[in-house]
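**Q** Data: structure_3.cif, mmCIF, C-alpha atoms and all ligand atoms.
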data_model
loop_
_atom_site.label_atom_id
_atom_site.label_comp_id
_atom_site.auth_asym_id
_atom_site.auth_seq_id
_atom_site.Cartn_x
_atom_site.Cartn_y
_atom_site.Cartn_z
CA MET A 1297 0.00 0.00 0.00
CA ILE A 1298 1.02 3.64 -0.40
CA ASN A 1299 1.30 5.49 2.90
CA GLN A 1300 1.25 9.27 3.03
CA VAL A 1301 3.86 10.70 5.40
CA TYR A 1302 3.80 14.40 6.33
CA GLN A 1303 7.44 15.34 6.73
CA LEU A 1304 9.15 18.49 7.92
CA VAL A 1305 11.65 19.11 5.13
CA ALA A 1306 12.96 22.45 6.43
CA PRO A 1307 11.88 24.77 9.26
CA ARG A 1308 8.18 25.66 8.82
CA GLN A 1309 7.99 23.58 5.62
CA ILE A 1310 5.93 20.38 5.69
CA GLU A 1311 5.46 18.24 2.59
CA VAL A 1312 3.68 14.99 1.89
CA THR A 1313 5.77 12.03 0.75
CA TYR A 1314 4.57 8.66 -0.43
CA ASP A 1315 5.97 5.56 1.21
CA GLU A 1316 5.42 2.09 -0.29
CA ARG A 1317 4.63 -0.31 2.61
CA SER A 1318 3.85 -4.01 2.66
CA LEU A 1319 1.20 -5.50 4.92
CA ASN A 1320 3.18 -8.78 4.86
CA SER A 1321 5.53 -7.87 7.70
CA ASP A 1322 5.63 -8.16 11.49
CA ARG A 1323 4.39 -4.57 11.89
CA VAL A 1324 1.06 -3.57 13.38
CA VAL A 1325 -0.65 -0.86 11.35
CA VAL A 1326 -2.09 1.95 13.46
CA ARG A 1327 -4.29 4.78 12.24
CA PRO A 1328 -3.35 7.84 14.37
CA THR A 1329 -6.33 9.55 16.01
CA TYR A 1330 -5.08 12.13 18.56
CA LEU A 1331 -1.57 13.59 18.58
CA SER A 1332 0.10 16.16 20.78
CA ILE A 1333 2.94 18.61 20.19
CA CYS A 1334 6.14 18.37 22.28
CA HIS A 1335 8.78 21.07 22.71
CA ALA A 1336 11.20 18.80 20.85
CA ASP A 1337 8.93 19.03 17.76
CA GLN A 1338 8.79 22.81 18.07
CA ARG A 1339 12.58 23.01 18.11
CA TYR A 1340 12.57 21.28 14.69
CA PHE A 1341 9.53 23.17 13.34
CA THR A 1342 11.02 26.56 14.20
CA GLY A 1343 14.55 25.54 13.20
CA SER A 1344 15.98 26.33 16.62
CA ARG A 1345 18.26 23.26 16.46
CA SER A 1346 21.72 23.72 15.01
CA ALA A 1347 22.20 23.56 11.23
CA GLU A 1348 24.16 20.29 11.68
CA VAL A 1349 21.32 18.65 13.64
CA LEU A 1350 18.69 19.81 11.14
CA ALA A 1351 20.79 18.51 8.23
CA LYS A 1352 21.15 15.14 9.97
CA LYS A 1353 17.54 14.68 11.14
CA LEU A 1354 15.35 16.25 8.42
CA PRO A 1355 13.30 15.35 6.50
CA MET A 1356 11.17 13.51 9.03
CA ALA A 1357 7.56 13.34 10.20
CA MET A 1358 7.28 15.11 13.55
CA ILE A 1359 5.29 14.06 16.66
CA HIS A 1360 6.11 11.37 19.20
CA GLU A 1361 3.08 11.83 21.48
CA GLY A 1362 -0.03 10.09 20.19
CA ILE A 1363 -2.65 7.39 20.17
CA GLY A 1364 -4.41 5.54 17.39
CA LYS A 1365 -6.55 2.58 16.39
CA VAL A 1366 -5.18 -0.77 15.29
CA VAL A 1367 -6.29 -1.48 11.72
CA HIS A 1368 -4.08 -4.51 10.94
CA ASP A 1369 -2.14 -6.79 13.25
CA PRO A 1370 -0.32 -9.80 11.77
CA SER A 1371 0.93 -10.75 15.27
CA GLY A 1372 -2.62 -11.19 16.58
CA THR A 1373 -1.74 -9.24 19.74
CA PHE A 1374 -4.47 -6.61 19.33
CA LYS A 1375 -8.06 -6.84 18.13
CA ILE A 1376 -8.80 -4.60 15.17
CA GLY A 1377 -10.13 -1.29 16.49
CA THR A 1378 -8.15 -1.42 19.76
CA LEU A 1379 -7.11 2.03 20.95
CA VAL A 1380 -3.36 2.11 21.61
CA ALA A 1381 -0.67 4.52 22.74
CA MET A 1382 2.45 4.36 20.56
CA VAL A 1383 5.90 4.20 22.19
CA PRO A 1384 8.38 6.30 20.19
CA ASN A 1385 11.55 4.67 21.50
CA THR A 1386 12.61 1.81 19.23
CA PRO A 1387 15.56 -0.26 20.47
CA SER A 1388 17.61 -2.53 18.23
CA GLU A 1389 19.47 -4.38 21.01
CA THR A 1390 18.96 -5.31 24.65
CA ASP A 1391 21.31 -4.70 27.55
CA ASP A 1392 21.23 -6.11 31.09
CA ILE A 1393 22.25 -2.81 32.64
CA ILE A 1394 21.43 0.04 30.28
CA GLY A 1395 17.78 0.90 29.75
CA GLU A 1396 16.43 0.79 26.18
CA ASN A 1397 15.81 4.54 26.22
CA TYR A 1398 19.47 5.22 27.05
CA LEU A 1399 21.05 2.91 24.48
CA ARG A 1400 22.75 5.02 21.81
CA THR A 1401 21.62 2.50 19.18
CA SER A 1402 17.92 3.07 19.90
CA ARG A 1403 15.88 5.13 17.47
CA PHE A 1404 13.36 7.71 18.63
CA ARG A 1405 10.44 8.73 16.45
CA SER A 1406 10.39 12.39 15.44
CA SER A 1407 14.07 12.70 16.32
CA GLY A 1408 15.67 11.71 13.03
CA TYR A 1409 13.06 9.03 12.26
CA ASP A 1410 9.49 9.44 11.12
CA GLY A 1411 7.05 10.26 13.90
CA TYR A 1412 3.27 9.91 13.89
CA MET A 1413 2.21 12.49 11.27
CA GLN A 1414 1.39 9.77 8.76
CA ASP A 1415 -1.79 8.22 7.42
CA TYR A 1416 -0.73 4.94 9.04
CA VAL A 1417 2.06 4.15 11.49
CA PHE A 1418 3.80 0.78 10.98
CA ILE A 1419 5.07 -0.30 14.39
CA GLN A 1420 6.20 -3.40 16.31
CA PRO A 1421 3.55 -4.86 18.63
CA ASP A 1422 5.79 -4.43 21.70
CA ARG A 1423 5.72 -0.66 21.07
CA LEU A 1424 1.96 -0.47 21.69
CA VAL A 1425 0.10 -0.16 24.97
CA GLU A 1426 -3.67 -0.43 25.14
CA VAL A 1427 -5.53 2.73 26.17
CA PRO A 1428 -8.52 2.33 28.52
CA ALA A 1429 -11.68 2.91 26.47
CA ASP A 1430 -13.03 5.47 28.93
CA LEU A 1431 -9.90 7.67 28.92
CA ASP A 1432 -10.39 11.15 27.40
CA PRO A 1433 -8.56 10.87 24.03
CA GLU A 1434 -7.31 14.45 24.30
CA VAL A 1435 -5.53 13.49 27.53
CA ALA A 1436 -4.46 10.08 26.21
CA ALA A 1437 -2.78 11.93 23.30
CA PHE A 1438 0.06 13.06 25.60
CA THR A 1439 0.52 9.78 27.47
CA GLU A 1440 4.13 9.77 26.27
CA LEU A 1441 4.89 12.95 28.22
CA VAL A 1442 3.25 11.49 31.34
CA SER A 1443 5.27 8.29 30.89
CA VAL A 1444 8.44 10.43 30.92
CA SER A 1445 7.52 11.59 34.45
CA VAL A 1446 6.58 8.05 35.47
CA HIS A 1447 9.98 6.89 34.21
CA ALA A 1448 11.67 9.62 36.26
CA MET A 1449 9.78 8.40 39.36
CA THR A 1450 11.14 4.88 38.85
CA ARG A 1451 14.68 6.17 38.46
CA PHE A 1452 14.24 8.36 41.53
CA ASP A 1453 13.08 5.38 43.58
CA GLN A 1454 16.22 3.44 42.60
CA ILE A 1455 18.67 6.30 43.19
CA ALA A 1456 17.41 8.37 46.14
CA HIS A 1457 17.99 7.77 49.85
CA SER A 1458 14.93 6.77 51.83
CA ARG A 1459 14.08 10.11 53.50
CA ARG A 1460 11.40 11.44 51.21
CA GLU A 1461 9.61 14.01 53.34
CA THR A 1462 9.78 17.03 51.02
CA PHE A 1463 10.04 17.34 47.23
CA GLY A 1464 10.90 20.40 45.14
CA VAL A 1465 9.77 20.67 41.51
CA TRP A 1466 11.20 23.46 39.33
CA GLY A 1467 9.10 24.41 36.29
CA ASP A 1468 5.50 25.66 36.14
CA GLY A 1469 4.80 24.18 32.70
CA ASN A 1470 3.56 20.84 31.37
CA LEU A 1471 6.32 18.58 32.62
CA GLY A 1472 6.46 20.33 36.00
CA PHE A 1473 2.70 19.92 36.38
CA ILE A 1474 2.75 16.22 35.47
CA THR A 1475 5.82 15.46 37.62
CA ALA A 1476 4.37 17.28 40.62
CA LEU A 1477 1.06 15.45 40.16
CA MET A 1478 2.81 12.08 40.03
CA LEU A 1479 4.78 12.90 43.19
CA ARG A 1480 1.51 13.90 44.92
CA LYS A 1481 -0.02 10.51 44.07
CA LEU A 1482 3.01 8.30 44.67
CA TYR A 1483 4.16 10.06 47.86
CA PRO A 1484 0.89 11.37 49.35
CA GLU A 1485 2.43 12.01 52.79
CA ALA A 1486 5.31 14.09 51.47
CA LYS A 1487 5.34 17.88 51.30
CA LEU A 1488 5.32 19.11 47.71
CA LEU A 1489 6.90 22.45 46.76
CA VAL A 1490 6.65 23.88 43.24
CA PHE A 1491 8.87 26.69 41.94
CA GLY A 1492 7.91 28.76 38.91
CA LYS A 1493 7.76 32.18 37.28
CA THR A 1494 4.08 32.92 36.68
CA GLN A 1495 1.21 33.09 39.20
CA SER A 1496 -1.46 32.12 36.65
CA LYS A 1497 0.49 28.92 35.91
CA LEU A 1498 1.26 28.19 39.55
CA ASP A 1499 -2.48 28.47 40.26
CA TYR A 1500 -2.97 25.19 38.37
CA PHE A 1501 -0.84 23.37 40.97
CA SER A 1502 -3.70 23.28 43.48
CA PHE A 1503 -2.55 19.89 44.77
CA ALA A 1504 0.88 21.22 45.86
CA ASP A 1505 1.52 22.23 49.48
CA GLU A 1506 3.38 25.39 48.51
CA THR A 1507 4.19 27.27 45.32
CA TYR A 1508 6.94 29.86 45.07
CA TYR A 1509 8.09 32.51 42.63
CA ILE A 1510 11.69 31.72 41.87
CA ASP A 1511 12.78 35.26 42.78
CA GLN A 1512 10.95 35.28 46.13
CA ILE A 1513 11.97 32.02 47.79
CA PRO A 1514 12.23 32.39 51.58
CA ASP A 1515 15.67 31.53 52.99
CA ASP A 1516 14.33 28.73 55.20
CA VAL A 1517 12.84 26.67 52.33
CA SER A 1518 14.42 23.23 51.95
CA PHE A 1519 13.60 19.84 50.49
CA ASN A 1520 15.04 16.33 50.31
CA HIS A 1521 14.86 15.67 46.57
CA GLY A 1522 14.31 17.81 43.49
CA PHE A 1523 13.08 17.53 39.90
CA GLU A 1524 14.13 20.04 37.23
CA CYS A 1525 11.40 20.36 34.58
CA VAL A 1526 12.40 23.65 32.96
CA GLY A 1527 14.73 23.10 30.00
CA GLY A 1528 16.44 25.70 27.82
CA ILE A 1529 18.67 28.34 29.38
CA GLY A 1530 16.20 28.61 32.30
CA SER A 1531 17.40 25.20 33.44
CA GLN A 1532 20.76 26.71 34.39
CA TYR A 1533 19.08 29.07 36.84
CA ALA A 1534 16.78 26.29 38.07
CA ILE A 1535 19.54 23.73 38.64
CA ASN A 1536 21.69 26.20 40.58
CA GLN A 1537 18.72 27.31 42.69
CA MET A 1538 17.92 23.67 43.46
CA ILE A 1539 21.53 23.17 44.56
CA ASP A 1540 21.19 26.15 46.91
CA TYR A 1541 17.99 24.98 48.63
CA ILE A 1542 18.32 21.18 48.65
CA ILE A 1543 19.23 19.36 51.87
CA PRO A 1544 22.64 17.58 51.70
CA GLU A 1545 22.76 14.08 50.18
CA GLY A 1546 19.56 14.72 48.22
CA THR A 1547 18.99 13.76 44.60
CA MET A 1548 18.32 16.06 41.67
CA ALA A 1549 16.61 14.71 38.56
CA LEU A 1550 17.27 16.71 35.39
CA LEU A 1551 14.47 16.39 32.83
CA GLY A 1552 14.55 19.66 30.90
CA VAL A 1553 16.28 19.64 27.51
CA SER A 1554 18.74 22.43 26.77
CA GLU A 1555 20.32 23.14 23.40
CA ASP A 1556 23.37 24.72 24.95
CA PRO A 1557 25.56 23.42 27.76
CA VAL A 1558 24.58 25.02 31.06
CA SER A 1559 26.92 26.16 33.81
CA VAL A 1560 26.41 24.37 37.12
CA ASN A 1561 27.74 25.04 40.65
CA THR A 1562 29.71 21.80 40.96
CA ARG A 1563 31.46 22.97 44.14
CA MET A 1564 28.16 22.88 46.02
CA ILE A 1565 27.19 19.52 44.45
CA LEU A 1566 30.40 18.19 45.99
CA GLU A 1567 30.03 19.96 49.32
CA LYS A 1568 26.44 18.76 49.76
CA GLY A 1569 27.17 15.27 48.43
CA LEU A 1570 24.31 15.50 45.92
CA ARG A 1571 23.35 12.86 43.40
CA VAL A 1572 22.43 14.48 40.08
CA TYR A 1573 20.95 12.25 37.40
CA GLY A 1574 19.40 12.65 33.98
CA SER A 1575 16.06 11.19 33.01
CA SER A 1576 15.05 11.06 29.37
CA ARG A 1577 12.27 9.49 27.36
CA SER A 1578 10.50 6.31 28.45
CA THR A 1579 9.77 2.64 27.74
CA PRO A 1580 6.69 0.47 27.13
CA ALA A 1581 6.79 -0.47 30.85
CA ASP A 1582 6.48 3.23 31.74
CA PHE A 1583 3.50 3.58 29.41
CA ALA A 1584 1.84 0.52 30.98
CA ARG A 1585 2.49 1.91 34.48
CA THR A 1586 0.98 5.23 33.38
CA MET A 1587 -2.22 3.48 32.27
CA GLU A 1588 -2.33 1.61 35.60
CA LEU A 1589 -2.00 4.89 37.48
CA TYR A 1590 -4.82 6.42 35.41
CA GLN A 1591 -7.07 3.57 36.48
CA MET A 1592 -5.90 3.51 40.08
CA TYR A 1593 -6.33 7.29 40.48
CA PRO A 1594 -9.08 8.55 38.14
CA ASP A 1595 -8.38 12.09 39.30
CA ILE A 1596 -4.99 11.98 37.49
CA PRO A 1597 -6.58 12.18 34.00
CA ALA A 1598 -9.06 14.71 35.42
CA TYR A 1599 -6.18 16.95 36.56
CA LEU A 1600 -4.37 16.35 33.26
CA SER A 1601 -7.37 17.62 31.30
CA ASN A 1602 -6.40 21.07 32.65
CA LEU A 1603 -3.36 20.86 30.39
CA VAL A 1604 -5.40 20.54 27.17
CA SER A 1605 -5.21 24.12 25.98
CA GLY A 1606 -6.00 23.78 22.28
CA VAL A 1607 -7.48 21.09 20.06
CA PHE A 1608 -7.07 21.33 16.28
CA GLN A 1609 -8.69 19.13 13.66
CA ILE A 1610 -6.06 18.34 11.06
CA ARG A 1611 -7.45 17.82 7.54
CA GLN A 1612 -4.68 19.43 5.48
CA ILE A 1613 -1.07 20.50 5.89
CA GLU A 1614 -2.13 24.11 6.54
CA ASP A 1615 -3.95 22.87 9.69
CA ILE A 1616 -0.66 21.44 10.99
CA HIS A 1617 0.98 24.84 10.55
CA GLN A 1618 -1.89 26.51 12.41
CA ALA A 1619 -1.62 24.05 15.30
CA PHE A 1620 2.15 24.53 15.60
CA GLU A 1621 1.96 28.33 15.33
CA SER A 1622 -0.82 28.46 17.92
CA ASP A 1623 1.20 26.20 20.23
CA LEU A 1624 4.08 28.68 20.07
CA THR A 1625 1.87 31.45 21.45
CA ASN A 1626 0.41 29.18 24.11
CA ARG A 1627 1.44 30.25 27.64
CA PHE A 1628 0.43 27.02 29.40
CA GLY A 1629 -0.66 23.53 28.38
CA LYS A 1630 -0.61 21.12 25.48
CA THR A 1631 -1.77 21.50 21.89
CA VAL A 1632 -3.65 18.41 20.74
CA MET A 1633 -4.31 17.52 17.10
CA GLU A 1634 -7.26 15.37 16.11
CA TRP A 1635 -5.77 13.55 13.14
CA CYS A 1636 -8.34 13.62 10.32
CA MET A 1637 -5.94 13.46 7.35
N1 LIG B 1701 13.36 14.39 29.68
C1 LIG B 1701 12.47 14.13 28.74
O1 LIG B 1701 12.34 12.99 28.27
C2 LIG B 1701 11.58 15.21 28.29
C3 LIG B 1701 11.98 16.52 28.39
N2 LIG B 1701 11.18 17.51 27.95
C4 LIG B 1701 11.71 18.86 28.09
O2 LIG B 1701 11.25 19.40 29.32
C5 LIG B 1701 11.28 20.84 29.21
C6 LIG B 1701 9.95 21.39 29.72
O3 LIG B 1701 8.90 20.98 28.86
P1 LIG B 1701 7.43 21.55 29.09
O4 LIG B 1701 7.05 21.44 30.52
O5 LIG B 1701 6.56 20.97 28.06
O6 LIG B 1701 7.68 23.10 28.78
P2 LIG B 1701 6.95 24.36 29.37
O7 LIG B 1701 7.42 25.54 28.59
O8 LIG B 1701 5.50 24.09 29.46
O9 LIG B 1701 7.52 24.43 30.87
C7 LIG B 1701 8.70 25.02 31.29
C8 LIG B 1701 8.28 26.01 32.38
O10 LIG B 1701 9.38 26.37 33.17
C9 LIG B 1701 9.26 27.77 33.44
N3 LIG B 1701 10.56 28.28 33.85
C10 LIG B 1701 11.49 28.93 33.10
N4 LIG B 1701 12.58 29.19 33.84
C11 LIG B 1701 12.33 28.69 35.09
C12 LIG B 1701 13.08 28.65 36.29
N5 LIG B 1701 14.31 29.15 36.38
N6 LIG B 1701 12.53 28.05 37.36
C13 LIG B 1701 11.29 27.51 37.31
N7 LIG B 1701 10.53 27.53 36.20
C14 LIG B 1701 11.06 28.11 35.10
C15 LIG B 1701 8.74 28.32 32.14
O11 LIG B 1701 8.23 29.62 32.30
P3 LIG B 1701 8.31 30.66 31.08
O12 LIG B 1701 7.65 29.99 29.90
O13 LIG B 1701 7.57 31.85 31.58
O14 LIG B 1701 9.77 30.92 30.83
C16 LIG B 1701 7.68 27.29 31.80
O15 LIG B 1701 6.47 27.59 32.47
C17 LIG B 1701 11.58 21.13 27.74
O16 LIG B 1701 12.96 21.41 27.63
C18 LIG B 1701 11.25 19.84 27.05
O17 LIG B 1701 11.94 19.68 25.84
C19 LIG B 1701 9.94 17.28 27.43
C20 LIG B 1701 9.50 16.00 27.28
C21 LIG B 1701 10.29 14.88 27.68
O1 LIG B 1702 10.66 15.13 24.11
C1 LIG B 1702 11.37 14.27 24.45
C2 LIG B 1702 10.89 12.95 24.87
O2 LIG B 1702 9.52 13.02 24.98
C3 LIG B 1702 12.79 14.56 24.45
O3 LIG B 1702 12.92 15.92 24.65
C4 LIG B 1702 13.30 14.18 23.12
O4 LIG B 1702 13.71 12.88 23.27
C5 LIG B 1702 14.44 15.04 22.67
O5 LIG B 1702 14.70 14.66 21.38
P1 LIG B 1702 15.61 15.53 20.47
O6 LIG B 1702 16.99 15.07 20.76
O7 LIG B 1702 15.18 15.23 19.08
O8 LIG B 1702 15.37 16.96 20.87
ZN ZN B 1703 8.67 14.83 23.95
#
Once more with this new file: its structure as C-alpha cells, please.
Ligand SMILES: NC(=O)C1=CN([C@@H]2O[C@H](COP(=O)(O)OP(=O)(O)OC[C@H]3O[C@@H](n4cnc5c(N)ncnc54)[C@H](OP(=O)(O)O)[C@@H]3O)[C@@H](O)[C@H]2O)C=CC1
Ligand SMILES: O=C(CO)[C@H](O)[C@H](O)COP(=O)(O)O
Ligand SMILES: [Zn+2]
**A**
Amino acid sequence: MINQVYQLVAPRQIEVTYDERSLNSDRVVVRPTYLSICHADQRYFTGSRSAEVLAKKLPMAMIHEGIGKVVHDPSGTFKIGTLVAMVPNTPSETDDIIGENYLRTSRFRSSGYDGYMQDYVFIQPDRLVEVPADLDPEVAAFTELVSVSVHAMTRFDQIAHSRRETFGVWGDGNLGFITALMLRKLYPEAKLLVFGKTQSKLDYFSFADETYYIDQIPDDVSFNHGFECVGGIGSQYAINQMIDYIIPEGTMALLGVSEDPVSVNTRMILEKGLRVYGSSRSTPADFARTMELYQMYPDIPAYLSNLVSGVFQIRQIEDIHQAFESDLTNRFGKTVMEWCM
C-alpha cells in the first residue's frame, strides 16, 4: 500500500511524501487519532536546532506523542479497532544494565526518524500499549509525556535515599505539572513544593503544598529531593537554585532539555554530596504503568485535562501549521491535534 507521510523538510515547511509499505511484515498498522505537540517538535519546526542537527535529522515526520486505532495486526496481539498509545523509543538491542531509552543505538520517532504524522504508522507490537476505552482521548494523546515523568519516578526510587519528606519541583509548565502530580499521588504524605515564574500557571498546581516565585523564595525553604522540569537556558538558573535549597545528600533529577551546555555550581554539588541524574524518554513499561496509574487514580486524567489548551482538527497541511503556530503562542498547556488526514 502507499502510505502518506507528512514530513518536515525544512523549518516551517511540511510536505507529503509517499511511502510504499507491505502488509506482509511483522508490523502492526495503526491509524493515528489524537496527537500532541512536544517542545522537541517545536525546536525542529522553528529551526531552533543547530544547522548540523537539522541537516542530519530532516526530512522527518514530527510528533512522538499520540494514540491511534489498530487497523491490521499480523501478530494477533491486538483486536482490530483497539485504541493504543504508541511508544516512540525503538531499540535494536537489549542490555542487562542500560535501559532501552538510554542505548545510543535506539531510534526515537520524530528525532531523526518518522514520527506519527502519517496516514498509518507501521510499528512493532511491543511498542503499543492499550488505552482504557473510557480515557479522554485528548488526555491520552500526551501519554508519552506522562510516561516520561513516570519513568523519572522509577529512576528516583532506585537512586534516592529513603528520607522522602519534602520534594521540590522546578518548572511551572507541562512537565512540572505532570511530575508534581505524580509525586503527589506516589508520595501522598510528602510535602510538595513547586517553583515557577508565573502566578497564573502556579495556580494550576492546586494539589501542591506550597508554590513559590523563583525570585521570592524564603531563605528557610528546603527539600530532600528535586526535579528540574524547565529546560532551555532557564534550566541553568533552576539547577543552581535547586543546589542552593536542597538538603545535603539529596537527589536532583534533570528532565529539561537544553540546546546549549549550562553552567552548574559543581562545588556545592560536591560539598552537599548531591546525586544528580538525567532522566530522558520512556519505555513500554512506563506507558503501561501510566495506564495503571490512570485507572488507580481517576483524578490523574481529570487533573491532566487542565493541560489541554488547544485542540485542532487536522485535515490538510495548513492545519498542521496553524496548530504549531498556535502552540508557540500558548502560555500554558498542550496543543492536541485530532488527526483527520
Ligand atoms: N526528559 C524528557 O524525556 C523530556 C523533556 N522535555 C523537556 O522538558 C522541558 C519542559 O517541557 P514543558 O514542561 O513541556 O515546557 P513548558 O514551557 O511548558 O515548561 C517550562 C516552564 O518552566 C518555566 N521556567 C522557566 N525558567 C524557570 C526557572 N528558572 N525556574 C522555574 N521555572 C522556570 C517556564 O516559564 P516561562 O515559559 O515563563 O519561561 C515554563 O512555564 C523542555 O525542555 C522539554 O523539551 C519534554 C519531554 C520529555
Ligand atoms: O521530548 C522528548 C521525549 O519526549 C525529548 O525531549 C526528546 O527525546 C528530545 O529529542 P531531540 O533530541 O530530538 O530533541
Ligand atoms: Zn517529547
**Q** Show which residues sit within 12 Å of Trp1466 of chain A, as a PyMOL selection string. Count all atoms listed in the file, and ignore same-chain residues fewer than 5 positions away.
**A** chain A and resi 1471-1476+1488-1493+1498+1507-1510+1519+1521-1527+1530-1539+1541-1542+1548-1552
**Q** What is the atom CA of Phe1620 of chain A-atom CA of Gly1377 of chain A distance in Å, reported with one decimal?
**A**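 Interatomic distance here is 28.6 Å.
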**Q** If I put a ball of radius 7 Å at (2.9, 6.5, 28.2) in the file's coordinates, which residues poke into it when counting only C-alpha atoms, written as a VMD selection string?
**A** chain A and resid 1381 1439 to 1443 1582 to 1584 1586
**Q** Could you tell me, counting all atoms listed in the file, which protein and nucleic acid residues lie no more than 10 Å from ligand LIG 1702 (chain B), written as a ChimeraX atom specification?
**A** /A:1333-1340,1345,1349-1350,1353,1358-1361,1383-1385,1397,1403-1409,1438-1445,1471,1527,1551-1555,1575-1578
**Q** Just checking: using all atoms listed in the file, which residue out of A:Val1312, A:Ile1394, A:Ile1565, A:Ile1376 ends up closest to Met1637 of chain A?
**A**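 Residue with the minimum atom-to-atom distance to Met1637 of chain A: A:Val1312.
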**Q** Atom CA of Gly1464 of chain A to atom C15 of ligand LIG 1701 (chain B): how many Å, to one decimal?
**A**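 Taking atom CA of Gly1464 of chain A and atom C15 of ligand LIG 1701 (chain B), their separation equals 15.4 Å.
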**Q** From the set A:Gly1528, A:Gly1364, A:Pro1544, A:Pro1580, which residue has the shortest atom-to-atom contact distance to ligand LIG 1701 (chain B), counting only C-alpha atoms and all ligand atoms?
**A** A:Gly1528
**Q** Please, what distance in Å, to one decimal, runs between atom CA of Phe1608 of chain A and atom CA of Trp1635 of chain A?
**A** 8.5 Å
**Q** In terms of the shortest atom-to-atom distance over all atoms listed in the file, which of A:Thr1373, A:Leu1379, A:Val1425, A:Asn1470 is closest to ligand ZN 1703 (chain B)?
**A** A:Asn1470
**Q** For Leu1566 of chain A, which residue among A:Asp1595, A:Glu1621, A:Glu1614, A:Glu1545 is the nearest when counting all atoms listed in the file?
**A**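 Selected residue with least distance to Leu1566 of chain A: A:Glu1545.
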**Q** Listed atoms of segment 1335-1340 of chain A, axis-aligned box, 4 Å per side: centre and edge lengths to one decimal in Å, as lines of an AutoDock Vina configuration file?
**A**
center_x = 10.7
center_y = 20.9
center_z = 18.7
size_x = 11.8
size_y = 12.2
size_z = 16.0
**Q** Taking only C-alpha atoms and all ligand atoms into account, which of A:Ile1298, A:Leu1431, A:Leu1331, A:Leu1304 comes nearest ligand ZN 1703 (chain B)?
**A** A:Leu1331
**Q** From the list A:Ser1559, A:Ser1605, A:Thr1631, A:Thr1329, which residue is nearest Ala1619 of chain A when using all atoms listed in the file?
**A**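 Ranking A:Ser1559, A:Ser1605, A:Thr1631, A:Thr1329 by distance to Ala1619 of chain A, first place goes to A:Thr1631.
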**Q** Could I get the residues of segment 1348-1369 of chain A with an atom no further than 12 Å from an atom of segment 1313-1320 of chain A, each paired with its nearest atom pair and that distance in Å to one decimal, using all atoms listed in the file, sorted by chain and residue number, as JSON lines?
**A**
{"residue": "A:Pro1355", "atom": "CA", "partner": "A:Thr1313", "partner_atom": "CA", "distance": 10.0}
{"residue": "A:Met1356", "atom": "CA", "partner": "A:Thr1313", "partner_atom": "CA", "distance": 10.0}
{"residue": "A:Ala1357", "atom": "CA", "partner": "A:Thr1313", "partner_atom": "CA", "distance": 9.7}
{"residue": "A:Val1367", "atom": "CA", "partner": "A:Leu1319", "partner_atom": "CA", "distance": 10.9}
{"residue": "A:His1368", "atom": "CA", "partner": "A:Leu1319", "partner_atom": "CA", "distance": 8.1}
{"residue": "A:Asp1369", "atom": "CA", "partner": "A:Leu1319", "partner_atom": "CA", "distance": 9.1}
**Q** Create the file for the chosen residues now, containing C-alpha atoms and written as a PDB file, in the frame of the given file.
**A**
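The result, written out as again13.pdb:
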ATOM      1  CA  PRO A1355      13.300  15.350   6.500  1.00  0.00           C
ATOM      2  CA  MET A1356      11.170  13.510   9.030  1.00  0.00           C
ATOM      3  CA  ALA A1357       7.560  13.340  10.200  1.00  0.00           C
ATOM      4  CA  VAL A1367      -6.290  -1.480  11.720  1.00  0.00           C
ATOM      5  CA  HIS A1368      -4.080  -4.510  10.940  1.00  0.00           C
ATOM      6  CA  ASP A1369      -2.140  -6.790  13.250  1.00  0.00           C
TER       7      ASP A1369
END
**Q** Which polymer residues have any atom within 10 Å of an atom of Pro1387 of chain A, counting all atoms listed in the file, with same-chain residues fewer than 5 positions away left out, as an mmCIF file with C-alpha atoms, keeping the file's coordinate frame?
**A**
data_model
loop_
_atom_site.group_PDB
_atom_site.id
_atom_site.type_symbol
_atom_site.label_atom_id
_atom_site.label_comp_id
_atom_site.auth_asym_id
_atom_site.auth_seq_id
_atom_site.Cartn_x
_atom_site.Cartn_y
_atom_site.Cartn_z
ATOM 1 C CA GLY A 1395 17.780 0.900 29.750
ATOM 2 C CA GLU A 1396 16.430 0.790 26.180
ATOM 3 C CA ASN A 1397 15.810 4.540 26.220
ATOM 4 C CA TYR A 1398 19.470 5.220 27.050
ATOM 5 C CA LEU A 1399 21.050 2.910 24.480
ATOM 6 C CA ARG A 1400 22.750 5.020 21.810
ATOM 7 C CA THR A 1401 21.620 2.500 19.180
ATOM 8 C CA SER A 1402 17.920 3.070 19.900
ATOM 9 C CA ARG A 1403 15.880 5.130 17.470
ATOM 10 C CA PHE A 1404 13.360 7.710 18.630
ATOM 11 C CA ARG A 1423 5.720 -0.660 21.070
ATOM 12 C CA THR A 1579 9.770 2.640 27.740
#
**Q** For Glu1485 of chain A, list every protein, DNA or RNA residue within 12 Å, evaluated using only C-alpha atoms, and leave out those in the same chain fewer than 6 positions away; present the list as a list in words.
**A**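 Those residues are Arg1459, Arg1460, Glu1461, Thr1462, Phe1463, Leu1479, Ala1504 and Asp1505 of chain A.
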